[in-house]
$ cat run-v8.pdb   # PDB, C-alpha atoms, pLDDT in the B column
ATOM      1  CA  MET A   1      14.386  39.737   2.426  1.00 34.00           C
ATOM      2  CA  SER A   2      10.913  41.142   2.145  1.00 37.00           C
ATOM      3  CA  THR A   3       9.167  42.218   5.327  1.00 37.00           C
ATOM      4  CA  ASP A   4       5.789  42.760   3.701  1.00 41.00           C
ATOM      5  CA  PRO A   5       3.295  41.286   6.198  1.00 40.00           C
ATOM      6  CA  SER A   6       0.807  40.604   3.406  1.00 41.00           C
ATOM      7  CA  ALA A   7       3.156  38.006   1.987  1.00 43.00           C
ATOM      8  CA  HIS A   8       2.203  35.571   4.719  1.00 42.00           C
ATOM      9  CA  PRO A   9      -0.938  36.764   6.499  1.00 46.00           C
ATOM     10  CA  ARG A  10      -1.829  35.025   9.728  1.00 45.00           C
ATOM     11  CA  PRO A  11      -5.549  34.567  10.311  1.00 46.00           C
ATOM     12  CA  ALA A  12      -6.691  34.608  13.909  1.00 42.00           C
ATOM     13  CA  ALA A  13      -7.600  30.911  13.639  1.00 52.00           C
ATOM     14  CA  GLN A  14      -3.924  30.126  13.214  1.00 59.00           C
ATOM     15  CA  ASP A  15      -3.358  30.846  16.876  1.00 78.00           C
ATOM     16  CA  ASP A  16      -4.510  27.222  17.158  1.00 93.00           C
ATOM     17  CA  PRO A  17      -1.380  25.101  16.520  1.00 95.00           C
ATOM     18  CA  ALA A  18      -3.308  22.337  14.742  1.00 96.00           C
ATOM     19  CA  CYS A  19      -5.015  24.856  12.442  1.00 96.00           C
ATOM     20  CA  ALA A  20      -1.723  26.608  11.749  1.00 96.00           C
ATOM     21  CA  SER A  21      -0.054  23.279  11.006  1.00 97.00           C
ATOM     22  CA  ARG A  22      -2.774  22.213   8.581  1.00 97.00           C
ATOM     23  CA  HIS A  23      -2.429  25.572   6.847  1.00 97.00           C
ATOM     24  CA  LEU A  24       1.325  25.090   6.514  1.00 97.00           C
ATOM     25  CA  VAL A  25       0.896  21.617   5.032  1.00 98.00           C
ATOM     26  CA  ARG A  26      -1.733  22.754   2.540  1.00 98.00           C
ATOM     27  CA  THR A  27       0.188  25.828   1.354  1.00 97.00           C
ATOM     28  CA  ALA A  28       3.736  24.440   1.277  1.00 97.00           C
ATOM     29  CA  LEU A  29       5.182  24.292  -2.237  1.00 98.00           C
ATOM     30  CA  LYS A  30       8.533  22.934  -1.116  1.00 98.00           C
ATOM     31  CA  GLY A  31      10.121  21.379   1.929  1.00 98.00           C
ATOM     32  CA  ALA A  32      13.298  19.861   3.322  1.00 98.00           C
ATOM     33  CA  LEU A  33      13.108  16.062   3.135  1.00 98.00           C
ATOM     34  CA  ALA A  34      15.286  14.182   5.619  1.00 98.00           C
ATOM     35  CA  THR A  35      16.052  10.540   4.905  1.00 98.00           C
ATOM     36  CA  LEU A  36      18.550   8.103   6.412  1.00 98.00           C
ATOM     37  CA  ASP A  37      21.712   7.797   4.340  1.00 97.00           C
ATOM     38  CA  ARG A  38      21.846   4.195   3.162  1.00 94.00           C
ATOM     39  CA  HIS A  39      25.630   4.035   3.541  1.00 94.00           C
ATOM     40  CA  LEU A  40      26.335   6.037   6.702  1.00 94.00           C
ATOM     41  CA  GLY A  41      22.995   5.959   8.520  1.00 92.00           C
ATOM     42  CA  HIS A  42      23.193   9.709   9.040  1.00 95.00           C
ATOM     43  CA  PRO A  43      20.286  12.081   8.306  1.00 96.00           C
ATOM     44  CA  TYR A  44      20.417  13.319   4.716  1.00 98.00           C
ATOM     45  CA  ALA A  45      18.445  16.501   3.934  1.00 98.00           C
ATOM     46  CA  SER A  46      17.324  17.552   0.459  1.00 98.00           C
ATOM     47  CA  LEU A  47      14.851  19.893  -1.192  1.00 98.00           C
ATOM     48  CA  VAL A  48      11.622  18.549  -2.719  1.00 98.00           C
ATOM     49  CA  LEU A  49       8.538  20.092  -4.295  1.00 98.00           C
ATOM     50  CA  LEU A  50       5.345  19.401  -2.346  1.00 98.00           C
ATOM     51  CA  ALA A  51       1.615  19.048  -2.753  1.00 98.00           C
ATOM     52  CA  THR A  52      -1.027  17.187  -0.738  1.00 98.00           C
ATOM     53  CA  ASP A  53      -3.475  14.412  -1.452  1.00 98.00           C
ATOM     54  CA  PRO A  54      -7.144  15.165  -0.637  1.00 97.00           C
ATOM     55  CA  GLY A  55      -6.635  13.895   2.906  1.00 97.00           C
ATOM     56  CA  GLY A  56      -3.751  16.264   3.538  1.00 97.00           C
ATOM     57  CA  ALA A  57      -0.837  13.847   3.265  1.00 98.00           C
ATOM     58  CA  PRO A  58       2.287  15.478   1.769  1.00 98.00           C
ATOM     59  CA  ILE A  59       3.195  14.104  -1.653  1.00 98.00           C
ATOM     60  CA  PHE A  60       6.344  14.622  -3.718  1.00 98.00           C
ATOM     61  CA  LEU A  61       7.658  13.458  -7.084  1.00 98.00           C
ATOM     62  CA  ILE A  62      11.214  12.129  -6.941  1.00 98.00           C
ATOM     63  CA  SER A  63      13.664  10.295  -9.184  1.00 98.00           C
ATOM     64  CA  ARG A  64      15.233   6.946  -8.387  1.00 97.00           C
ATOM     65  CA  LEU A  65      18.531   8.487  -9.475  1.00 96.00           C
ATOM     66  CA  ALA A  66      18.383  10.817  -6.459  1.00 98.00           C
ATOM     67  CA  GLN A  67      20.048   9.847  -3.216  1.00 98.00           C
ATOM     68  CA  HIS A  68      16.940  10.530  -1.118  1.00 98.00           C
ATOM     69  CA  THR A  69      14.922   8.050  -3.205  1.00 98.00           C
ATOM     70  CA  ARG A  70      17.525   5.325  -2.834  1.00 98.00           C
ATOM     71  CA  ASN A  71      17.613   6.010   0.884  1.00 98.00           C
ATOM     72  CA  LEU A  72      13.827   5.577   1.091  1.00 98.00           C
ATOM     73  CA  GLU A  73      13.969   2.305  -0.850  1.00 97.00           C
ATOM     74  CA  GLN A  74      16.172   0.919   1.917  1.00 97.00           C
ATOM     75  CA  ASP A  75      14.467   2.622   4.874  1.00 98.00           C
ATOM     76  CA  PRO A  76      11.145   4.492   4.425  1.00 98.00           C
ATOM     77  CA  ARG A  77      11.482   6.494   7.621  1.00 98.00           C
ATOM     78  CA  ALA A  78      11.635  10.200   6.814  1.00 98.00           C
ATOM     79  CA  SER A  79      10.730  13.666   7.988  1.00 98.00           C
ATOM     80  CA  LEU A  80       9.729  16.892   6.279  1.00 98.00           C
ATOM     81  CA  LEU A  81      10.417  20.429   7.426  1.00 98.00           C
ATOM     82  CA  LEU A  82       7.884  22.978   6.199  1.00 98.00           C
ATOM     83  CA  ASP A  83       8.952  26.602   6.533  1.00 95.00           C
ATOM     84  CA  GLY A  84       6.321  29.323   6.820  1.00 92.00           C
ATOM     85  CA  THR A  85       8.703  32.119   7.753  1.00 91.00           C
ATOM     86  CA  ASP A  86       9.381  33.725   4.357  1.00 85.00           C
ATOM     87  CA  GLY A  87       8.901  37.488   4.390  1.00 82.00           C
ATOM     88  CA  LEU A  88       9.515  37.867   8.127  1.00 86.00           C
ATOM     89  CA  ALA A  89      12.239  40.189   9.361  1.00 90.00           C
ATOM     90  CA  ASP A  90      13.022  37.629  12.075  1.00 92.00           C
ATOM     91  CA  PRO A  91      12.286  34.126  10.739  1.00 91.00           C
ATOM     92  CA  LEU A  92      12.461  32.632  14.232  1.00 90.00           C
ATOM     93  CA  THR A  93       9.190  34.376  15.075  1.00 89.00           C
ATOM     94  CA  GLY A  94       7.343  32.528  12.301  1.00 91.00           C
ATOM     95  CA  GLY A  95       5.784  29.116  11.965  1.00 94.00           C
ATOM     96  CA  ARG A  96       7.498  25.929  10.929  1.00 96.00           C
ATOM     97  CA  LEU A  97       6.439  22.322  11.092  1.00 98.00           C
ATOM     98  CA  THR A  98       8.359  19.046  11.205  1.00 98.00           C
ATOM     99  CA  LEU A  99       6.447  15.979  10.060  1.00 98.00           C
ATOM    100  CA  SER A 100       7.809  12.516  10.853  1.00 98.00           C
ATOM    101  CA  GLY A 101       6.618   9.248   9.361  1.00 98.00           C
ATOM    102  CA  THR A 102       7.184   6.844   6.494  1.00 98.00           C
ATOM    103  CA  ALA A 103       7.471   7.758   2.809  1.00 98.00           C
ATOM    104  CA  THR A 104       6.272   5.165   0.308  1.00 98.00           C
ATOM    105  CA  PRO A 105       5.360   5.163  -3.404  1.00 98.00           C
ATOM    106  CA  CYS A 106       1.878   6.459  -4.227  1.00 97.00           C
ATOM    107  CA  ALA A 107       0.171   5.119  -7.363  1.00 95.00           C
ATOM    108  CA  ASP A 108      -3.009   7.198  -7.080  1.00 95.00           C
ATOM    109  CA  PRO A 109      -3.583   9.071 -10.382  1.00 95.00           C
ATOM    110  CA  ALA A 110      -5.635  11.710  -8.539  1.00 95.00           C
ATOM    111  CA  ALA A 111      -2.678  12.447  -6.268  1.00 97.00           C
ATOM    112  CA  LEU A 112      -0.389  12.882  -9.274  1.00 97.00           C
ATOM    113  CA  ARG A 113      -2.962  15.176 -10.892  1.00 97.00           C
ATOM    114  CA  ARG A 114      -3.018  17.319  -7.761  1.00 98.00           C
ATOM    115  CA  PHE A 115       0.780  17.475  -7.690  1.00 98.00           C
ATOM    116  CA  LEU A 116       1.005  18.554 -11.323  1.00 98.00           C
ATOM    117  CA  ALA A 117      -1.693  21.197 -10.791  1.00 97.00           C
ATOM    118  CA  ARG A 118       0.612  22.845  -8.235  1.00 97.00           C
ATOM    119  CA  HIS A 119       3.811  22.221 -10.175  1.00 98.00           C
ATOM    120  CA  PRO A 120       3.038  22.385 -13.928  1.00 96.00           C
ATOM    121  CA  SER A 121       6.739  22.373 -14.781  1.00 96.00           C
ATOM    122  CA  ALA A 122       6.933  18.802 -13.476  1.00 97.00           C
ATOM    123  CA  GLU A 123       4.775  17.570 -16.368  1.00 95.00           C
ATOM    124  CA  GLY A 124       7.918  17.480 -18.478  1.00 93.00           C
ATOM    125  CA  TYR A 125       9.423  14.656 -16.434  1.00 95.00           C
ATOM    126  CA  ALA A 126       6.528  13.144 -14.455  1.00 95.00           C
ATOM    127  CA  GLN A 127       6.151  10.291 -16.965  1.00 93.00           C
ATOM    128  CA  PHE A 128       9.833   9.378 -16.993  1.00 96.00           C
ATOM    129  CA  ALA A 129      10.329   5.779 -15.864  1.00 95.00           C
ATOM    130  CA  ASP A 130      12.645   6.715 -13.017  1.00 96.00           C
ATOM    131  CA  PHE A 131      10.223   9.199 -11.405  1.00 97.00           C
ATOM    132  CA  SER A 132       7.673   8.113  -8.810  1.00 97.00           C
ATOM    133  CA  LEU A 133       5.204   9.920  -6.610  1.00 98.00           C
ATOM    134  CA  TYR A 134       5.719   9.368  -2.891  1.00 98.00           C
ATOM    135  CA  ALA A 135       3.393  10.108   0.020  1.00 98.00           C
ATOM    136  CA  LEU A 136       4.428  10.690   3.622  1.00 98.00           C
ATOM    137  CA  THR A 137       2.278   8.855   6.156  1.00 98.00           C
ATOM    138  CA  VAL A 138       2.652  11.143   9.145  1.00 98.00           C
ATOM    139  CA  THR A 139       2.999   9.605  12.589  1.00 97.00           C
ATOM    140  CA  ARG A 140       4.061  12.724  14.496  1.00 96.00           C
ATOM    141  CA  ALA A 141       4.101  16.480  13.993  1.00 98.00           C
ATOM    142  CA  HIS A 142       6.138  19.097  15.826  1.00 98.00           C
ATOM    143  CA  TYR A 143       4.990  22.707  15.410  1.00 97.00           C
ATOM    144  CA  VAL A 144       6.986  25.803  16.330  1.00 96.00           C
ATOM    145  CA  GLY A 145       5.054  29.057  15.982  1.00 93.00           C
ATOM    146  CA  GLY A 146       7.686  31.406  17.364  1.00 86.00           C
ATOM    147  CA  PHE A 147       9.322  31.824  20.736  1.00 82.00           C
ATOM    148  CA  GLY A 148       7.525  29.788  23.382  1.00 80.00           C
ATOM    149  CA  ARG A 149       4.956  28.357  20.942  1.00 89.00           C
ATOM    150  CA  ILE A 150       6.146  24.760  20.640  1.00 95.00           C
ATOM    151  CA  VAL A 151       3.629  21.933  20.370  1.00 96.00           C
ATOM    152  CA  ASP A 152       3.672  18.229  19.540  1.00 97.00           C
ATOM    153  CA  LEU A 153       0.591  17.235  17.562  1.00 97.00           C
ATOM    154  CA  PRO A 154      -0.972  13.824  16.915  1.00 96.00           C
ATOM    155  CA  ALA A 155      -1.063  12.866  13.261  1.00 96.00           C
ATOM    156  CA  PRO A 156      -4.894  12.678  13.048  1.00 96.00           C
ATOM    157  CA  SER A 157      -5.158  16.384  13.905  1.00 96.00           C
ATOM    158  CA  LEU A 158      -3.582  17.200  10.529  1.00 97.00           C
ATOM    159  CA  ARG A 159      -5.712  14.911   8.406  1.00 97.00           C
ATOM    160  CA  THR A 160      -8.885  15.573   6.416  1.00 97.00           C
ATOM    161  CA  ALA A 161     -11.419  12.744   6.493  1.00 97.00           C
ATOM    162  CA  THR A 162     -12.356  11.691   2.960  1.00 97.00           C
ATOM    163  CA  ALA A 163     -14.166   8.350   3.354  1.00 97.00           C
ATOM    164  CA  ASP A 164     -17.580  10.036   3.015  1.00 97.00           C
ATOM    165  CA  ALA A 165     -16.540  12.475   0.288  1.00 98.00           C
ATOM    166  CA  GLY A 166     -16.197  10.224  -2.750  1.00 97.00           C
ATOM    167  CA  ASP A 167     -18.615  12.271  -4.851  1.00 98.00           C
ATOM    168  CA  LEU A 168     -16.712  15.471  -4.137  1.00 98.00           C
ATOM    169  CA  LEU A 169     -13.317  13.967  -4.930  1.00 98.00           C
ATOM    170  CA  ALA A 170     -14.599  12.428  -8.159  1.00 98.00           C
ATOM    171  CA  ALA A 171     -15.866  15.861  -9.224  1.00 98.00           C
ATOM    172  CA  GLU A 172     -12.671  17.710  -8.247  1.00 98.00           C
ATOM    173  CA  PRO A 173     -11.308  18.105 -11.814  1.00 98.00           C
ATOM    174  CA  GLU A 174     -14.654  19.468 -12.997  1.00 98.00           C
ATOM    175  CA  ILE A 175     -14.951  21.866 -10.054  1.00 98.00           C
ATOM    176  CA  ILE A 176     -11.424  23.176 -10.616  1.00 98.00           C
ATOM    177  CA  ALA A 177     -11.958  23.647 -14.348  1.00 98.00           C
ATOM    178  CA  HIS A 178     -15.292  25.386 -13.759  1.00 98.00           C
ATOM    179  CA  MET A 179     -13.876  27.794 -11.189  1.00 98.00           C
ATOM    180  CA  ASN A 180     -10.877  28.699 -13.340  1.00 98.00           C
ATOM    181  CA  ARG A 181     -12.835  28.990 -16.576  1.00 98.00           C
ATOM    182  CA  ASP A 182     -16.047  30.671 -15.425  1.00 97.00           C
ATOM    183  CA  HIS A 183     -15.297  32.265 -12.070  1.00 97.00           C
ATOM    184  CA  ALA A 184     -11.773  33.669 -12.263  1.00 97.00           C
ATOM    185  CA  ASP A 185     -13.037  36.881 -10.631  1.00 97.00           C
ATOM    186  CA  ALA A 186     -14.298  34.913  -7.635  1.00 97.00           C
ATOM    187  CA  VAL A 187     -10.987  33.042  -7.356  1.00 98.00           C
ATOM    188  CA  ALA A 188      -9.158  36.383  -7.343  1.00 97.00           C
ATOM    189  CA  LEU A 189     -11.469  37.647  -4.591  1.00 97.00           C
ATOM    190  CA  PHE A 190     -10.822  34.540  -2.512  1.00 98.00           C
ATOM    191  CA  ALA A 191      -7.076  35.147  -2.708  1.00 98.00           C
ATOM    192  CA  THR A 192      -7.075  38.867  -2.007  1.00 97.00           C
ATOM    193  CA  GLU A 193     -10.025  39.337   0.351  1.00 97.00           C
ATOM    194  CA  LEU A 194     -10.138  36.045   2.240  1.00 97.00           C
ATOM    195  CA  ALA A 195      -6.516  34.898   2.175  1.00 97.00           C
ATOM    196  CA  GLY A 196      -4.958  38.370   2.281  1.00 95.00           C
ATOM    197  CA  ARG A 197      -2.723  37.744  -0.711  1.00 96.00           C
ATOM    198  CA  VAL A 198      -1.574  40.203  -3.350  1.00 95.00           C
ATOM    199  CA  ALA A 199      -3.548  40.479  -6.579  1.00 96.00           C
ATOM    200  CA  GLY A 200      -2.465  38.308  -9.473  1.00 96.00           C
ATOM    201  CA  ALA A 201      -3.419  35.499 -11.817  1.00 96.00           C
ATOM    202  CA  TRP A 202      -4.753  33.208  -9.121  1.00 98.00           C
ATOM    203  CA  ARG A 203      -6.262  29.860 -10.043  1.00 98.00           C
ATOM    204  CA  THR A 204      -7.866  26.952  -8.210  1.00 98.00           C
ATOM    205  CA  VAL A 205      -5.668  23.850  -8.006  1.00 98.00           C
ATOM    206  CA  GLY A 206      -7.441  21.635  -5.482  1.00 98.00           C
ATOM    207  CA  VAL A 207     -10.597  21.083  -3.480  1.00 98.00           C
ATOM    208  CA  ASP A 208     -11.230  18.755  -0.554  1.00 98.00           C
ATOM    209  CA  PRO A 209     -13.861  18.468   2.201  1.00 98.00           C
ATOM    210  CA  ASP A 210     -12.140  21.140   4.307  1.00 98.00           C
ATOM    211  CA  GLY A 211     -11.248  23.790   1.767  1.00 98.00           C
ATOM    212  CA  LEU A 212      -9.926  25.171  -1.496  1.00 98.00           C
ATOM    213  CA  ASP A 213      -6.311  25.424  -2.676  1.00 98.00           C
ATOM    214  CA  LEU A 214      -5.208  28.379  -4.820  1.00 98.00           C
ATOM    215  CA  LEU A 215      -1.976  29.095  -6.676  1.00 98.00           C
ATOM    216  CA  GLN A 216      -0.395  32.096  -8.332  1.00 97.00           C
ATOM    217  CA  CYS A 217       3.063  31.390  -9.753  1.00 93.00           C
ATOM    218  CA  THR A 218       5.171  30.615  -6.674  1.00 91.00           C
ATOM    219  CA  MET A 219       2.551  31.600  -4.076  1.00 95.00           C
ATOM    220  CA  ALA A 220      -0.094  29.312  -2.609  1.00 97.00           C
ATOM    221  CA  ALA A 221      -3.177  30.160  -0.588  1.00 98.00           C
ATOM    222  CA  ARG A 222      -5.700  28.120   1.329  1.00 98.00           C
ATOM    223  CA  ILE A 223      -9.376  28.959   1.798  1.00 98.00           C
ATOM    224  CA  ASP A 224     -11.024  26.928   4.563  1.00 97.00           C
ATOM    225  CA  PHE A 225     -14.703  26.112   4.170  1.00 97.00           C
ATOM    226  CA  PRO A 226     -16.857  27.351   7.080  1.00 94.00           C
ATOM    227  CA  GLN A 227     -18.501  23.931   7.036  1.00 95.00           C
ATOM    228  CA  ARG A 228     -17.168  20.570   5.891  1.00 97.00           C
ATOM    229  CA  VAL A 229     -18.433  19.498   2.443  1.00 98.00           C
ATOM    230  CA  CYS A 230     -18.840  16.008   1.000  1.00 98.00           C
ATOM    231  CA  THR A 231     -20.638  16.571  -2.320  1.00 98.00           C
ATOM    232  CA  PRO A 232     -20.294  18.924  -5.292  1.00 98.00           C
ATOM    233  CA  GLY A 233     -23.576  20.578  -4.322  1.00 98.00           C
ATOM    234  CA  GLN A 234     -22.352  21.308  -0.815  1.00 98.00           C
ATOM    235  CA  ALA A 235     -19.107  22.681  -2.210  1.00 98.00           C
ATOM    236  CA  ARG A 236     -21.036  24.926  -4.596  1.00 97.00           C
ATOM    237  CA  ALA A 237     -23.087  26.336  -1.728  1.00 97.00           C
ATOM    238  CA  GLN A 238     -19.957  27.049   0.318  1.00 97.00           C
ATOM    239  CA  LEU A 239     -18.258  28.735  -2.640  1.00 97.00           C
ATOM    240  CA  VAL A 240     -21.263  30.986  -3.229  1.00 97.00           C
ATOM    241  CA  SER A 241     -21.232  31.956   0.453  1.00 97.00           C
ATOM    242  CA  LEU A 242     -17.497  32.681   0.313  1.00 97.00           C
ATOM    243  CA  VAL A 243     -17.932  34.895  -2.756  1.00 97.00           C
ATOM    244  CA  GLN A 244     -20.551  36.921  -0.902  1.00 97.00           C
ATOM    245  CA  GLN A 245     -18.252  37.207   2.100  1.00 97.00           C
ATOM    246  CA  ALA A 246     -15.331  38.317  -0.056  1.00 97.00           C
ATOM    247  CA  ARG A 247     -17.433  40.944  -1.855  1.00 96.00           C
ATOM    248  CA  ALA A 248     -18.695  42.291   1.447  1.00 96.00           C
ATOM    249  CA  ARG A 249     -15.124  42.659   2.701  1.00 95.00           C
ATOM    250  CA  ARG A 250     -14.086  44.458  -0.474  1.00 94.00           C
ATOM    251  CA  GLN A 251     -17.027  46.870  -0.212  1.00 93.00           C
ATOM    252  CA  ALA A 252     -16.329  47.532   3.464  1.00 93.00           C
ATOM    253  CA  ARG A 253     -12.702  48.265   2.698  1.00 86.00           C
ATOM    254  CA  ALA A 254     -13.660  50.583  -0.159  1.00 79.00           C
TER     255      ALA A 254
END

$ encode --input "run-v8.pdb" --output "structure tokens"
Amino acid sequence: MSTDPSAHPRPAAQDDPACASRHLVRTALKGALATLDRHLGHPYASLVLLATDPGGAPIFLISRLAQHTRNLEQDPRASLLLDGTDGLADPLTGGRLTLSGTATPCADPAALRRFLARHPSAEGYAQFADFSLYALTVTRAHYVGGFGRIVDLPAPSLRTATADAGDLLAAEPEIIAHMNRDHADAVALFATELAGRVAGAWRTVGVDPDGLDLLQCTMAARIDFPQRVCTPGQARAQLVSLVQQARARRQARA
């Protein structure tokens, strides 16, 4: 197991349990999904790939042939365990988050687009008739940030408000394509200088009023906007400011 601290940097803001929990949700690429076994009634845990909708709700693409999907069809109550402890010599000192709520089918094409941006390999089966996108409506969150750092969080503290951000969400595909096509150097700076990640072929995979989602193979990063944005113009201004901040950090380090 790697003990490289750069693998999972912990910004000072993550001393706030709600902030740390939102970061875990936005950067999780997989999680343990617990459903209720439709025959025995016992908890049944399985592995699923994860993304988020613009509001921060976890979404996952699952097959009706799978036991967890059949369990959800009978009883939508579920929980997700998100593990942020990879790379730590002692995993029990790291952050993890349990989300409880109800998991129901999600027919939003934008949500599916966001999922496939994070998991391109899923494009090969996403259109199969037996696969459906599900979203977890969170009713409770339980965060453990290490020994003695245990907090129950209300569901609204993990959500991103989107009702006033329709213009931004409509422009998300264009913003992502523009950043990846024309500003790959800026995306790389965001990952290395602002998120503390290792250098690589980073790309933008999502934008919402609170921040930017980045991906590089099996690593995800989250860049929070200093100020909430609701329009493409506001997002552009924040991205320019973040580029300047990242360049300043690189120069200071040099």

$ resolve_selection --input "run-v8.pdb" --expression "the PyMOL selection byres ((chain A and resi 35) around 7)" --output "MDAnalysis selection string"
chainID A and resid 33:34 36:37 43:45 68 71:72 77:79

$ atom_distance --input "run-v8.pdb" --atom1 "atom CA of Arg96 of chain A" --atom2 "atom CA of Ile150 of chain A"
9.9 Å

$ closest_residue --input "run-v8.pdb" --among "A:Arg22, A:Arg114, A:Arg70, A:Arg250" --to "Asp53 of chain A" --atoms "all atoms listed in the file"
A:Arg114

$ atom_distance --input "run-v8.pdb" --atom1 "atom CA of Arg149 of chain A" --atom2 "atom CA of Gly87 of chain A"
19.3 Å

$ residues_around --input "run-v8.pdb" --residues "segment 154-164 of chain A" --least-positions-apart "2" --cutoff "10 Å" --atoms "all atoms listed in the file" --output "number ranges by chain"
A: 17-23, 25-26, 53-57, 99-101, 137-142, 151-152, 166-169, 208-211, 228-231

$ closest_residue --input "run-v8.pdb" --among "A:Ile223, A:Ala199, A:Val187, A:Ala235" --to "Arg247 of chain A" --atoms "all atoms listed in the file"
A:Val187

$ atom_distance --input "run-v8.pdb" --atom1 "atom CA of Pro91 of chain A" --atom2 "atom CA of Asp16 of chain A"
19.3 Å

$ residues_around --input "run-v8.pdb" --residues "Ala28 of chain A" --least-positions-apart "4" --cutoff "10 Å" --atoms "only C-alpha atoms" --output "PyMOL selection string"
chain A and resi 23-24+49-52+58+81-84+219-221

$ closest_residue --input "run-v8.pdb" --among "A:Ala32, A:Ala177, A:Ala188, A:Ala107" --to "Gly206 of chain A" --atoms "only C-alpha atoms"
A:Ala177

$ axis_aligned_box --input "run-v8.pdb" --around "segment 100-109 of chain A" --padding-each-side "3 Å" --output "lines of an AutoDock Vina configuration file"
center_x = 2.1
center_y = 8.8
center_z = 0.2
size_x = 17.4
size_y = 13.4
size_z = 27.2

$ closest_residue --input "run-v8.pdb" --among "A:Glu123, A:Glu174, A:Glu193, A:Asp185" --to "Ala246 of chain A" --atoms "only C-alpha atoms"
A:Glu193

$ closest_residue --input "run-v8.pdb" --among "A:Leu189, A:Leu40, A:Leu194, A:Ala171" --to "Asp224 of chain A" --atoms "only C-alpha atoms"
A:Leu194

$ resolve_selection --input "run-v8.pdb" --expression "the PyMOL selection byres ((chain A and resi 204) around 10)" --output "ChimeraX atom specification"
/A:117-118,175-181,183-184,187-188,190-191,202-203,205-207,212-216,220-222
